[in-house]
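Report on the following structure.
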Amino acid sequence: MKTIISPAKNMVTIDNIKKPIIKENIKPQTIEIYNKLKNFNVGDFSAYMNVNNDIALKSFIYYQDIDFEGFGTPAIFSYNGIQYKNIEPFSFNDDDISFASNHISIISAFYGLLKADTPIQPYRLEMGGKINFDGENLYKLWGTSIYCELFKNETTVLNLASDEYSKAIKPFLNDNDNFITVKFMKYSKGKYKTFATDAKISRGKMVNFIVKNKINNLEDIKNFCENDYNFSENFSDKNNFVFCK
């Protein structure tokens, strides 16, 4: 079983855990994206990404500094957002890191499908953004490659990614793929619904739960009971695991 998660917009580099970039792992789509964005100016980033000048400048610097023959921070340590704070990767021991490397994958708009321990350098790019490449958006540019890599040696995938990122996989699913989406629903004002921040917290905690307990089957996922969520048999079905509170 593999678990997929989304990246975060904010990134960090951590010098004391950097590793050499594995150039052979850099995908053709990554090179194509890089060759376009390295020629963007600050104004281009601001316009295409709909961000303020400070973020646009940071994005510009990211792409000027990328060196595919340099060093990078392992992916699961590189992202700095609510989900990743709750994954708590710095609490992982060597066995945890090894398990995460084989069972946790991050969908990146720039790098494609990442293992947890793959060294990467900072970038800013959203899968659902409006930057196009010869008339293609990022979903079309990546095509089936993320899906094919994910399911190459796997038949069961637990989806903890957002809709924006799981959309890079869902159109290509077939009847042989066991693709289970996790949803976190909170009761409020007479109905159950998903709250974005609460869902990010819970996704992170579930990744931590999976890694720390070395979970490799769907049935054990149902034992997750953190952040006051519990598995709901009533709301769940063969394609969706719903946790309620």
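Here, A, B, ... name the chains of the structure tokens in the order displayed, residue numbers run from 1 inside each chain, and ligands are numbered from 1 in the same displayed order.
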
For Asp96 of chain A, list every protein, DNA or RNA residue within 12 Å, evaluated using only C-alpha atoms, and leave out those in the same chain fewer than 2 positions away; present the list as a PDB file with C-alpha atoms, in the first residue's frame.
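Output file result_13.pdb is given in full below:
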ATOM      1  CA  ILE A  76       9.238  15.157   3.450  1.00  0.00           C
ATOM      2  CA  ILE A  87       3.398  14.635   9.980  1.00  0.00           C
ATOM      3  CA  GLU A  88       6.256  15.513  12.356  1.00  0.00           C
ATOM      4  CA  PRO A  89       9.031  14.078  10.164  1.00  0.00           C
ATOM      5  CA  PHE A  90      11.705  15.210  12.621  1.00  0.00           C
ATOM      6  CA  SER A  91      10.313  12.664  15.083  1.00  0.00           C
ATOM      7  CA  PHE A  92      11.034   9.827  12.624  1.00  0.00           C
ATOM      8  CA  ASN A  93      13.836   7.377  13.346  1.00  0.00           C
ATOM      9  CA  ASP A  94      15.809   5.559  10.634  1.00  0.00           C
ATOM     10  CA  SER A  98      12.928   3.874   5.421  1.00  0.00           C
ATOM     11  CA  PHE A  99       9.245   2.935   5.672  1.00  0.00           C
ATOM     12  CA  ALA A 100       8.130   6.409   4.564  1.00  0.00           C
ATOM     13  CA  SER A 101      10.453   6.238   1.569  1.00  0.00           C
ATOM     14  CA  ASN A 102       8.737   3.075   0.354  1.00  0.00           C
ATOM     15  CA  HIS A 103       5.148   3.892   1.289  1.00  0.00           C
ATOM     16  CA  ILE A 104       4.601   7.682   1.272  1.00  0.00           C
ATOM     17  CA  ALA A 116       9.595  10.873   1.016  1.00  0.00           C
ATOM     18  CA  ASP A 117      13.394  10.797   1.060  1.00  0.00           C
ATOM     19  CA  VAL A 207       0.637  10.025   7.749  1.00  0.00           C
ATOM     20  CA  ASN A 208       2.455  10.053  11.101  1.00  0.00           C
ATOM     21  CA  PHE A 209       0.164   7.230  12.290  1.00  0.00           C
ATOM     22  CA  ILE A 210       0.889   5.177   9.163  1.00  0.00           C
ATOM     23  CA  VAL A 211       4.657   5.634   9.381  1.00  0.00           C
ATOM     24  CA  LYS A 212       5.036   5.138  13.131  1.00  0.00           C
ATOM     25  CA  ASN A 213       2.886   1.992  13.085  1.00  0.00           C
ATOM     26  CA  LYS A 214       4.282   0.675   9.768  1.00  0.00           C
ATOM     27  CA  ILE A 215       0.771   0.258   8.395  1.00  0.00           C
TER      28      ILE A 215
END

Once you count only C-alpha atoms, what closest atom pair and distance in Å to one decimal does each residue of segment 109-137 of chain A within 7 Å of segment 45-61 of chain A have, with rows by chain and rising residue number, as a tab-separated table?
residue	atom	partner	partner_atom	distance
A:Tyr123	CA	A:Ser59	CA	6.5
A:Arg124	CA	A:Ser59	CA	5.8
A:Gly129	CA	A:Met49	CA	6.7
A:Lys130	CA	A:Tyr48	CA	6.3
A:Ile131	CA	A:Tyr48	CA	6.1

Could you check the closest approach to Glu154 of chain A for each of A:Asn80, A:Lys18, A:Asp65, A:Asn178 and tell me which residue wins, using only C-alpha atoms? A:Asn178

How would you write, as a PyMOL selection string, the set of residues in segment 13-99 of chain A that DSSP gives as helix (DSSP H, G or I)? chain A and resi 15-17+23-25+28-37+42-49+53-65+75-78+82-87+89-91+94-99

In segment 135-211 of chain A, DSSP strand (DSSP E) residues written as a ChimeraX atom specification: /A:156-159,178-188,191-193

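Minimum distance to Leu158 of chain A across A:Tyr63, A:Phe235, A:Phe241, A:Phe68 (counting only C-alpha atoms) occurs at A:Phe241.
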
Coordinates-based distance that separates atom CA of Asn234 of chain A from atom CA of Asp220 of chain A (Å, one decimal): 17.5 Å

How many Å lie between atom CA of Ile4 of chain A and atom CA of Glu69 of chain A, rounded to one decimal?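 Between atom CA of Ile4 of chain A and atom CA of Glu69 of chain A the gap is 26.9 Å.
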
Point out the residue among A:Ser202, A:Thr30, A:Thr156, A:Gln64 with the least atom-to-atom distance to Asn86 of chain A, counting only C-alpha atoms. A:Ser202

Kindly indicate which residue among A:Lys19, A:Lys222, A:Lys2, A:Lys140 lies nearest to Leu113 of chain A, using only C-alpha atoms for the distances.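 With only C-alpha atoms as the atom set, the closest residue is A:Lys2.
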